[in-house]
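Visitor: The file below is entry04.cif, mmCIF, C-alpha atoms:
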data_target
loop_
_atom_site.label_atom_id
_atom_site.label_comp_id
_atom_site.auth_asym_id
_atom_site.auth_seq_id
_atom_site.Cartn_x
_atom_site.Cartn_y
_atom_site.Cartn_z
CA MET A 1 -103.80 -81.81 34.66
CA MET A 2 -102.23 -85.00 33.36
CA LEU A 3 -100.13 -82.96 30.90
CA ARG A 4 -98.87 -80.75 33.71
CA SER A 5 -97.90 -83.81 35.80
CA LEU A 6 -96.11 -85.30 32.83
CA LEU A 7 -94.15 -82.10 32.27
CA ILE A 8 -93.17 -81.95 35.96
CA SER A 9 -91.98 -85.56 35.80
CA LEU A 10 -89.95 -84.90 32.68
CA ILE A 11 -88.35 -81.82 34.25
CA PHE A 12 -87.52 -83.79 37.42
CA ILE A 13 -85.94 -86.61 35.39
CA LEU A 14 -83.94 -84.11 33.32
CA PHE A 15 -82.60 -82.23 36.34
CA SER A 16 -81.92 -85.43 38.27
CA SER A 17 -79.67 -86.63 35.49
CA LEU A 18 -77.51 -83.49 35.55
CA PRO A 19 -74.15 -83.94 37.31
CA GLY A 20 -73.72 -81.68 40.30
CA LEU A 21 -77.41 -81.73 41.31
CA ALA A 22 -78.71 -85.13 42.46
CA GLN A 23 -75.43 -86.75 41.38
CA ASP A 24 -73.03 -84.52 43.25
CA LYS A 25 -70.19 -86.70 44.48
CA LEU A 26 -67.05 -87.85 42.70
CA PHE A 27 -65.86 -91.28 43.81
CA ILE A 28 -62.29 -92.34 42.94
CA PRO A 29 -61.73 -96.08 43.48
CA MET A 30 -58.20 -97.12 44.48
CA ASP A 31 -58.51 -100.88 44.06
CA ALA A 32 -57.20 -102.85 41.09
CA SER A 33 -59.77 -101.20 38.82
CA GLN A 34 -58.05 -97.79 39.06
CA THR A 35 -56.26 -96.81 35.84
CA ASN A 36 -53.76 -94.41 37.40
CA HIS A 37 -53.31 -94.68 41.14
CA LEU A 38 -50.43 -92.20 41.31
CA LYS A 39 -52.21 -89.39 39.46
CA ALA A 40 -55.28 -89.96 41.67
CA TYR A 41 -53.30 -88.71 44.68
CA GLY A 42 -52.48 -85.57 42.76
CA ILE A 43 -56.14 -85.03 41.89
CA ILE A 44 -57.12 -85.14 45.56
CA PHE A 45 -54.13 -83.08 46.70
CA ASN A 46 -54.84 -80.35 44.14
CA ASN A 47 -58.51 -80.42 45.14
CA LEU A 48 -57.51 -79.75 48.74
CA GLN A 49 -55.27 -76.90 47.60
CA ASP A 50 -58.28 -75.36 45.87
CA GLY A 51 -60.06 -75.21 49.24
CA ASN A 52 -62.23 -78.29 48.83
CA SER A 53 -62.42 -81.04 51.44
CA SER A 54 -62.34 -84.73 50.53
CA GLN A 55 -62.91 -88.03 52.25
CA TRP A 56 -60.43 -90.90 52.41
CA LEU A 57 -62.24 -94.21 52.74
CA LEU A 58 -59.68 -96.34 54.54
CA ASN A 59 -59.59 -100.01 53.53
CA TYR A 60 -62.56 -99.48 51.20
CA LYS A 61 -61.69 -100.49 47.64
CA GLY A 62 -57.98 -99.93 48.17
CA GLY A 63 -58.32 -96.70 50.12
CA SER A 64 -60.68 -94.82 47.82
CA PHE A 65 -61.47 -91.11 47.77
CA MET A 66 -64.72 -89.19 47.61
CA THR A 67 -65.30 -85.47 47.15
CA ASN A 68 -67.87 -83.02 45.84
CA TYR A 69 -68.55 -83.11 42.12
CA SER A 70 -67.24 -80.38 39.85
CA GLU A 71 -66.82 -80.16 36.11
CA GLU A 72 -63.20 -79.08 36.62
CA LEU A 73 -62.45 -82.18 38.69
CA VAL A 74 -64.01 -84.42 36.06
CA LYS A 75 -61.95 -82.74 33.35
CA LYS A 76 -58.71 -83.14 35.29
CA SER A 77 -59.45 -86.78 36.05
CA ARG A 78 -60.12 -87.58 32.40
CA LEU A 79 -57.01 -85.75 31.23
CA ARG A 80 -54.89 -87.68 33.74
CA ASN A 81 -56.57 -91.02 33.00
CA VAL A 82 -57.84 -91.35 36.57
CA LYS A 83 -60.89 -93.58 36.89
CA PHE A 84 -63.84 -92.02 38.72
CA GLU A 85 -67.55 -92.48 39.21
CA VAL A 86 -70.21 -89.79 39.59
CA ILE A 87 -72.63 -90.86 42.31
CA SER A 88 -75.66 -89.36 43.96
CA ASN A 89 -75.83 -87.99 47.47
CA SER A 90 -77.86 -90.99 48.53
CA GLY A 91 -75.31 -93.34 46.96
CA ALA A 92 -72.50 -91.56 48.80
CA ALA A 93 -74.45 -91.81 52.07
CA GLN A 94 -74.83 -95.56 51.56
CA ILE A 95 -71.06 -95.93 51.06
CA ILE A 96 -70.33 -93.89 54.20
CA SER A 97 -72.82 -95.95 56.18
CA GLN A 98 -71.17 -99.16 54.97
CA VAL A 99 -67.66 -97.91 55.76
CA GLU A 100 -68.66 -96.75 59.24
CA GLN A 101 -70.20 -100.10 60.25
CA PRO A 102 -68.69 -100.93 63.66
CA ASP A 103 -67.78 -104.49 62.70
CA ALA A 104 -65.97 -103.48 59.46
CA ASN A 105 -62.24 -102.66 59.40
CA THR A 106 -62.92 -99.51 57.41
CA SER A 107 -63.16 -95.84 58.30
CA VAL A 108 -63.86 -92.40 56.88
CA ILE A 109 -61.11 -89.82 57.25
CA GLN A 110 -61.85 -86.19 56.48
CA LEU A 111 -59.13 -84.43 54.47
CA ASP A 112 -59.38 -80.68 54.94
CA LYS A 113 -56.22 -78.82 53.98
CA ALA A 114 -53.30 -79.69 51.73
CA PRO A 115 -50.00 -79.70 53.64
CA LYS A 116 -47.24 -77.41 52.43
CA ILE A 117 -44.46 -79.68 51.17
CA ALA A 118 -40.70 -79.32 51.14
CA VAL A 119 -38.12 -81.71 49.75
CA TYR A 120 -34.66 -81.55 51.30
CA THR A 121 -32.46 -81.95 48.25
CA PRO A 122 -29.57 -80.20 46.48
CA LYS A 123 -30.78 -77.49 44.11
CA GLN A 124 -28.93 -79.13 41.22
CA ALA A 125 -30.38 -82.61 41.84
CA LEU A 126 -32.21 -84.15 38.89
CA PRO A 127 -35.81 -85.34 39.44
CA TRP A 128 -34.91 -89.01 39.00
CA ASP A 129 -32.20 -88.83 41.67
CA ASP A 130 -34.93 -89.29 44.26
CA ALA A 131 -38.09 -91.43 44.20
CA VAL A 132 -40.15 -88.92 46.18
CA THR A 133 -39.30 -86.02 43.87
CA LEU A 134 -40.17 -88.28 40.95
CA ALA A 135 -43.50 -89.30 42.53
CA LEU A 136 -44.53 -85.76 43.42
CA THR A 137 -43.63 -84.49 39.95
CA TYR A 138 -45.54 -87.27 38.20
CA ALA A 139 -48.59 -86.89 40.47
CA GLU A 140 -48.50 -83.12 39.81
CA VAL A 141 -48.12 -82.20 43.48
CA GLU A 142 -46.46 -78.86 44.24
CA PHE A 143 -43.38 -78.76 46.47
CA ASP A 144 -40.47 -76.51 47.31
CA LYS A 145 -36.83 -77.51 47.49
CA VAL A 146 -34.87 -76.73 50.64
CA TRP A 147 -31.22 -77.39 51.40
CA ASP A 148 -28.84 -76.83 54.30
CA PRO A 149 -28.94 -73.00 54.31
CA GLU A 150 -32.75 -72.99 54.50
CA VAL A 151 -32.77 -75.63 57.26
CA LEU A 152 -30.17 -73.87 59.40
CA ASN A 153 -31.84 -70.50 58.89
CA GLY A 154 -35.16 -71.74 60.32
CA LYS A 155 -37.12 -71.92 57.07
CA LEU A 156 -38.62 -75.35 57.84
CA SER A 157 -41.30 -73.73 60.01
CA LYS A 158 -43.04 -72.69 56.77
CA TYR A 159 -43.74 -76.33 55.87
CA ASP A 160 -46.01 -79.07 57.20
CA TRP A 161 -44.27 -82.02 55.53
CA LEU A 162 -40.60 -82.60 54.80
CA HIS A 163 -38.93 -85.31 52.77
CA LEU A 164 -35.26 -86.13 53.21
CA HIS A 165 -33.46 -86.83 49.96
CA HIS A 166 -31.21 -89.90 50.29
CA GLU A 167 -28.58 -87.78 51.99
CA ASP A 168 -25.57 -88.88 54.05
CA PHE A 169 -26.02 -86.95 57.28
CA THR A 170 -22.74 -88.31 58.66
CA GLY A 171 -20.68 -86.23 56.20
CA GLN A 172 -19.08 -89.23 54.48
CA TYR A 173 -20.45 -88.44 51.01
CA GLY A 174 -22.44 -91.65 50.78
CA LYS A 175 -19.28 -93.68 51.42
CA PHE A 176 -18.53 -93.74 47.70
CA TRP A 177 -14.87 -93.00 48.43
CA ILE A 178 -13.42 -96.38 47.41
CA SER A 179 -15.48 -96.68 44.22
CA SER A 180 -15.81 -93.10 43.00
CA ARG A 181 -13.23 -90.79 44.57
CA ASN A 182 -11.64 -90.14 41.16
CA GLN A 183 -14.95 -89.56 39.38
CA PRO A 184 -15.70 -85.94 38.34
CA TRP A 185 -19.17 -86.01 39.97
CA TYR A 186 -17.72 -87.14 43.31
CA ILE A 187 -14.91 -84.57 43.25
CA ARG A 188 -17.42 -81.83 42.42
CA GLN A 189 -19.78 -82.94 45.19
CA VAL A 190 -17.03 -82.89 47.83
CA ARG A 191 -15.83 -79.46 46.69
CA GLU A 192 -19.34 -78.00 46.78
CA MET A 193 -20.17 -79.51 50.18
CA GLU A 194 -16.95 -78.25 51.74
CA ALA A 195 -17.54 -74.77 50.36
CA MET A 196 -21.10 -74.72 51.70
CA ALA A 197 -20.03 -75.90 55.16
CA LYS A 198 -17.40 -73.17 55.33
CA GLU A 199 -19.87 -70.53 54.17
CA LEU A 200 -22.29 -71.63 56.90
CA GLY A 201 -19.60 -71.31 59.56
CA PHE A 202 -18.52 -74.93 60.05
CA ASN A 203 -14.98 -76.26 59.94
CA LYS A 204 -15.99 -79.47 58.18
CA VAL A 205 -18.92 -81.08 56.40
CA SER A 206 -19.58 -83.73 59.07
CA ASN A 207 -20.22 -81.08 61.72
CA GLU A 208 -22.44 -79.08 59.40
CA LYS A 209 -24.53 -82.14 58.50
CA LYS A 210 -24.97 -83.08 62.16
CA ALA A 211 -26.26 -79.56 62.83
CA VAL A 212 -28.73 -79.96 59.96
CA ALA A 213 -29.94 -83.30 61.38
CA ALA A 214 -30.46 -81.70 64.81
CA LYS A 215 -32.45 -78.86 63.24
CA ILE A 216 -34.68 -81.31 61.35
CA LYS A 217 -35.27 -83.27 64.56
CA GLU A 218 -36.34 -80.02 66.20
CA TYR A 219 -38.75 -79.42 63.30
CA VAL A 220 -40.35 -82.83 63.91
CA GLY A 221 -40.59 -82.19 67.64
CA ASN A 222 -42.43 -78.96 66.95
CA GLY A 223 -45.12 -80.76 64.94
CA GLY A 224 -43.60 -81.41 61.52
CA PHE A 225 -44.24 -84.54 59.47
CA MET A 226 -40.96 -85.99 58.21
CA PHE A 227 -40.50 -88.75 55.62
CA ALA A 228 -37.18 -90.23 54.52
CA MET A 229 -35.95 -92.94 52.16
CA CYS A 230 -32.76 -94.89 51.54
CA SER A 231 -29.69 -93.54 53.38
CA GLY A 232 -31.66 -90.50 54.51
CA THR A 233 -33.08 -92.81 57.19
CA ASP A 234 -30.21 -94.53 59.00
CA THR A 235 -27.56 -91.81 58.47
CA PHE A 236 -30.00 -89.31 59.97
CA ASP A 237 -30.22 -91.30 63.20
CA ILE A 238 -26.48 -92.02 63.21
CA ALA A 239 -25.81 -88.27 63.00
CA LEU A 240 -28.17 -87.67 65.92
CA ALA A 241 -26.44 -90.32 68.04
CA ALA A 242 -23.03 -88.80 67.24
CA GLN A 243 -23.79 -85.12 67.81
CA ASP A 244 -20.66 -84.59 69.93
CA VAL A 245 -18.52 -87.39 68.52
CA ASP A 246 -16.17 -87.55 65.51
CA ILE A 247 -17.22 -90.74 63.70
CA VAL A 248 -15.68 -89.87 60.32
CA PRO A 249 -12.42 -91.50 59.11
CA THR A 250 -9.52 -89.36 57.88
CA GLN A 251 -10.31 -89.98 54.21
CA PHE A 252 -13.47 -87.87 54.49
CA ASP A 253 -12.57 -84.98 56.78
CA GLY A 254 -8.77 -84.90 57.10
CA ASP A 255 -8.56 -86.00 60.72
CA PRO A 256 -9.00 -89.41 62.43
CA MET A 257 -12.27 -90.49 63.99
CA ASP A 258 -12.53 -90.68 67.76
CA PRO A 259 -11.13 -94.08 68.81
CA LYS A 260 -13.92 -94.34 71.39
CA ALA A 261 -16.64 -93.16 69.01
CA GLN A 262 -18.75 -96.30 69.37
CA GLN A 263 -18.85 -96.08 73.19
CA LYS A 264 -19.79 -92.38 73.04
CA LEU A 265 -22.87 -92.75 70.86
CA ASN A 266 -26.06 -91.52 72.52
CA PHE A 267 -28.98 -93.66 71.39
CA ASP A 268 -31.40 -91.55 73.43
CA ASN A 269 -31.00 -88.87 70.75
CA THR A 270 -32.18 -91.06 67.86
CA LEU A 271 -35.72 -91.34 66.51
CA ALA A 272 -35.93 -94.92 65.26
CA PHE A 273 -32.78 -96.98 65.77
CA THR A 274 -30.76 -98.14 68.75
CA ASP A 275 -27.76 -100.27 69.74
CA PHE A 276 -26.21 -100.13 66.27
CA VAL A 277 -22.50 -100.54 65.58
CA LEU A 278 -20.71 -98.04 63.36
CA SER A 279 -18.71 -99.01 60.28
CA SER A 280 -15.31 -97.35 60.66
CA ASP A 281 -13.93 -98.72 57.39
CA PRO A 282 -13.92 -95.95 54.72
CA ALA A 283 -13.95 -98.61 52.02
CA GLU A 284 -17.12 -100.30 53.32
CA TYR A 285 -20.31 -99.23 51.59
CA GLU A 286 -22.21 -99.13 54.89
CA HIS A 287 -22.50 -96.65 57.74
CA ALA A 288 -23.58 -99.05 60.48
CA ASN A 289 -25.22 -102.42 60.95
CA ILE A 290 -28.74 -100.94 60.77
CA ASP A 291 -28.96 -101.86 57.07
CA VAL A 292 -29.30 -105.53 56.10
CA PRO A 293 -26.42 -107.18 54.22
CA VAL A 294 -26.68 -107.26 50.42
CA GLN A 295 -28.41 -110.49 49.35
CA ILE A 296 -28.64 -110.10 45.57
CA ASP A 297 -26.88 -113.44 44.98
CA GLU A 298 -28.90 -115.21 47.68
CA ILE A 299 -32.47 -114.06 47.05
CA ASP A 300 -34.09 -114.31 43.62
CA GLN A 301 -35.74 -111.07 42.55
CA SER A 302 -38.98 -112.90 41.75
CA ILE A 303 -39.47 -113.86 45.41
CA ASP A 304 -38.10 -110.71 47.00
CA PHE A 305 -41.06 -108.87 48.53
CA PHE A 306 -42.28 -107.28 51.73
CA THR A 307 -45.71 -107.44 53.31
CA LEU A 308 -47.77 -104.58 54.73
CA PHE A 309 -49.32 -105.03 58.15
CA GLU A 310 -53.06 -104.58 58.53
CA PHE A 311 -54.12 -102.08 61.18
CA SER A 312 -57.46 -101.16 62.69
CA ALA A 313 -58.88 -98.37 60.56
CA LYS A 314 -61.01 -97.08 63.42
CA TRP A 315 -58.49 -97.39 66.24
CA ASP A 316 -55.18 -96.79 64.43
CA PRO A 317 -55.99 -94.43 61.56
CA VAL A 318 -52.44 -93.12 60.99
CA PRO A 319 -50.70 -96.45 60.28
CA THR A 320 -53.80 -97.46 58.32
CA MET A 321 -53.49 -94.36 56.13
CA LEU A 322 -49.79 -95.00 55.58
CA THR A 323 -50.39 -98.57 54.39
CA GLN A 324 -53.34 -97.99 52.03
CA ASN A 325 -52.83 -100.03 48.87
CA HIS A 326 -54.49 -102.31 46.36
CA VAL A 327 -52.12 -105.17 47.26
CA SER A 328 -50.70 -106.36 50.58
CA SER A 329 -47.35 -107.66 49.27
CA ILE A 330 -44.96 -105.36 47.43
CA ARG A 331 -41.85 -106.17 45.43
CA GLY A 332 -38.59 -105.46 47.23
CA PHE A 333 -35.97 -103.04 45.91
CA TYR A 334 -32.41 -102.16 46.85
CA GLY A 335 -30.75 -98.95 47.90
CA GLN A 336 -27.75 -97.91 49.89
CA THR A 337 -30.05 -98.65 52.81
CA THR A 338 -32.16 -101.55 51.57
CA ALA A 339 -33.97 -102.60 54.75
CA PHE A 340 -33.62 -102.24 58.50
CA GLN A 341 -32.41 -104.91 60.91
CA LYS A 342 -35.39 -105.67 63.11
CA ASP A 343 -33.34 -105.83 66.31
CA LYS A 344 -32.04 -102.30 65.76
CA ILE A 345 -35.50 -100.70 65.79
CA LYS A 346 -36.73 -99.05 68.98
CA GLU A 347 -39.73 -100.65 70.67
CA SER A 348 -41.73 -97.42 70.40
CA VAL A 349 -41.57 -97.51 66.58
CA VAL A 350 -44.47 -99.01 64.58
CA ILE A 351 -43.46 -101.51 61.89
CA LEU A 352 -45.61 -100.96 58.81
CA GLY A 353 -44.03 -103.48 56.41
CA GLU A 354 -41.45 -106.26 56.62
CA SER A 355 -40.12 -109.23 54.66
CA PRO A 356 -41.65 -112.35 56.18
CA GLY A 357 -39.20 -114.78 57.75
CA ARG A 358 -36.14 -112.60 57.09
CA ASP A 359 -36.03 -110.08 60.00
CA MET A 360 -35.96 -107.35 57.35
CA VAL A 361 -38.11 -104.31 58.04
CA LYS A 362 -38.85 -102.05 55.08
CA TYR A 363 -41.27 -99.42 56.33
CA ILE A 364 -41.64 -97.86 59.82
CA HIS A 365 -43.38 -94.98 61.55
CA GLY A 366 -43.08 -93.21 64.87
CA ASN A 367 -43.86 -90.13 66.91
CA TYR A 368 -41.45 -87.57 68.30
CA GLY A 369 -42.70 -84.60 70.28
CA GLN A 370 -45.69 -83.16 68.46
CA GLY A 371 -44.66 -84.56 65.07
CA THR A 372 -44.06 -87.85 63.29
CA PHE A 373 -41.42 -89.56 61.18
CA THR A 374 -41.74 -92.30 58.57
CA PHE A 375 -38.76 -94.21 57.19
CA TYR A 376 -38.98 -96.22 53.95
CA ALA A 377 -35.88 -98.23 53.00
CA GLY A 378 -34.62 -98.61 49.44
CA HIS A 379 -34.00 -96.20 46.58
CA ASP A 380 -36.62 -96.67 43.86
CA PRO A 381 -39.66 -98.99 44.16
CA GLU A 382 -39.63 -99.67 40.41
CA ASP A 383 -35.87 -100.05 39.93
CA TYR A 384 -34.69 -103.18 41.74
CA THR A 385 -30.96 -102.41 41.84
CA HIS A 386 -30.73 -98.69 41.11
CA ARG A 387 -27.12 -97.62 40.49
CA VAL A 388 -25.36 -94.33 39.84
CA ASN A 389 -26.06 -93.09 36.28
CA ASP A 390 -28.88 -95.60 35.70
CA PRO A 391 -31.58 -94.25 33.36
CA PRO A 392 -34.52 -92.53 35.09
CA THR A 393 -37.66 -94.46 35.98
CA ASP A 394 -40.59 -93.54 33.76
CA LEU A 395 -43.61 -93.53 36.06
CA SER A 396 -45.98 -93.42 33.11
CA LEU A 397 -45.04 -97.10 32.79
CA HIS A 398 -45.82 -97.74 36.47
CA THR A 399 -49.04 -95.82 37.04
CA SER A 400 -50.30 -98.30 39.63
CA SER A 401 -47.03 -98.94 41.45
CA PRO A 402 -47.81 -100.24 44.98
CA GLY A 403 -44.34 -99.18 46.13
CA TYR A 404 -44.84 -95.60 44.96
CA ARG A 405 -48.32 -95.52 46.48
CA LEU A 406 -46.72 -95.78 49.93
CA ILE A 407 -44.79 -92.58 49.23
CA LEU A 408 -47.93 -90.71 48.21
CA ASN A 409 -49.90 -91.97 51.21
CA ASN A 410 -47.46 -89.95 53.27
CA ILE A 411 -48.29 -86.61 51.64
CA LEU A 412 -52.01 -86.99 52.34
CA PHE A 413 -52.12 -88.15 55.93
CA PRO A 414 -51.06 -84.72 57.32
CA ALA A 415 -54.24 -83.35 55.69
CA ALA A 416 -56.43 -85.59 57.85
CA LYS A 417 -58.70 -83.92 60.37
CA LYS A 418 -57.50 -84.97 63.79
CA LYS A 419 -59.77 -87.41 65.58
CA LYS A 420 -59.81 -87.98 69.31
CA ARG A 421 -58.31 -91.40 70.00
CA LYS A 422 -60.90 -93.90 71.14
CA THR A 423 -60.41 -95.29 74.65
#
What is this file in structure tokens?

Guide:
Amino acid sequence: MMLRSLLISLIFILFSSLPGLAQDKLFIPMDASQTNHLKAYGIIFNNLQDGNSSQWLLNYKGGSFMTNYSEELVKKSRLRNVKFEVISNSGAAQIISQVEQPDANTSVIQLDKAPKIAVYTPKQALPWDDAVTLALTYAEVEFDKVWDPEVLNGKLSKYDWLHLHHEDFTGQYGKFWISSRNQPWYIRQVREMEAMAKELGFNKVSNEKKAVAAKIKEYVGNGGFMFAMCSGTDTFDIALAAQDVDIVPTQFDGDPMDPKAQQKLNFDNTLAFTDFVLSSDPAEYEHANIDVPVQIDEIDQSIDFFTLFEFSAKWDPVPTMLTQNHVSSIRGFYGQTTAFQKDKIKESVVILGESPGRDMVKYIHGNYGQGTFTFYAGHDPEDYTHRVNDPPTDLSLHTSSPGYRLILNNILFPAAKKKKRKT
């Protein structure tokens, strides 16, 4: 009898130690202990694509993840140098109980289905031309490229999440005219854009780009999640405000801008910005006074940072998801649109991150119709003053980049199971 009991005990111990039985959860910490934060997002995203749900533990160890154990998931995590822990069902239940405590600013968000992702970018663009393309590629997240023909032909309805490449939606080619109009790349870009506009039935690029902006706004209103960086943020809103107004100087489209363009802007059409003043100077490397003035000579890089706001994980899950990180202060970085003037942001827009004491807003979020938009200023979170023809950023050297984590937060939050707002 004693021998039989001993054998049963040994069998129980053996089976209890096997992963996938008693220990059937994979926990991925996202605090400072994580060895590759960026790849961790890809692990969870791919897991969702495979039909498996996951849990996002907001404000718990940097916004950690938990999902069902599988040998394949363990293998992928090891290959990608993503730190994980195998924990038992009871251990997972204890974590959930702790996170759901009513007095703790933490919450459990169920992730059910991977969103279908599109990146609005020229087909010939190189991966390092755009931080989001770089982040998705490094994290091993699948995405499709779409450009103006796809947008205007209604193809956006196939996608849940859309990123806007740092495009100039005003049709002024990034306002590189004074510095680069004789450069081969600039000449080629203008030629290709003019040819595309004509092929799509528009008399000039500025009108074609405004039509694209209007179509993307419609996509958001119908329930799409839109994310933009750098000049893809402010020029998008400028194009919306100027739908029926010529705001482009002669140097860009061959005819003069409307002398009353400023007075004719319709700020009711914009998503995020209001009461801005256009730049009518073709030689000025700005589109409007939404962007903050360049301060490279005034602010030392070592003290240039922005701070993320803390939101209630239980009451405001969306801004909480968008700001998940292992640090609260993130190094600043420049772009054609470096940061937003605080007084140009609509009151309905949620500020997610700003530079303290400088009226510089870096990261914002808002709702439009049934969808949402998120704007993140700057070009590359790990390249302080990114310039044309700079070498590409190697994300294998920045595996725990807090600035890049904000980008990847945005691809996961559309996967969250909708919760009824507490009242």

Visitor: With the PyMOL selection byres ((chain A and resi 109-111) around 7) as the selection, what would be picked from this file? Answer as a list in words, please.

Guide: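 Given this file, the PyMOL selection byres ((chain A and resi 109-111) around 7) evaluates to Ser53, Ser54, Gln55, Trp56, Leu57, Ser107, Val108, Asp112, Lys113, Ala415, Ala416 and Lys417 of chain A.
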
Visitor: Could you pull out every residue with an atom within 8 Å of (-64.6, -97.7, 65.7), file coordinates, counting only C-alpha atoms, and send them as JSON, numbers by chain?

Guide: {"A": [100, 102, 107, 313, 314, 315, 422]}

Visitor: At a cut-off of 9 Å, using only C-alpha atoms, what residues contact Pro293 (chain A)? Leave out same-chain residues fewer than 2 positions from it and give the result as number ranges by chain.

Guide: A: 289, 291, 295, 338-339

Visitor: CA of His163 (chain A) to CA of Met226 (chain A): how many Å, to one decimal?

Guide: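 Spanning CA of His163 (chain A) to CA of Met226 (chain A) is a straight-line distance of 5.8 Å.
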
Visitor: The PyMOL selection byres ((chain A and resi 65) around 9) on the file shown: which residues, as a list of chain:residue names?

Guide: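 Output from the PyMOL selection byres ((chain A and resi 65) around 9), applied to this file: A:Leu26, A:Phe27, A:Ile28, A:Pro29, A:Met30, A:Ala40, A:Ile44, A:Ser54, A:Gln55, A:Trp56, A:Leu57, A:Leu58, A:Gly63, A:Ser64, A:Met66, A:Thr67.
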
Visitor: I'd like the interatomic distance between CA of Pro259 (chain A) and CA of Val277 (chain A), to a tenth of an Å.

Guide: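 Going from CA of Pro259 (chain A) over to CA of Val277 (chain A), I get 13.5 Å.
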
Visitor: Rounded to one decimal, what separation in Å do you get between CA of Gln243 (chain A) and CA of Tyr120 (chain A)?

Guide: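 Distance between the two atoms: 20.1 Å.
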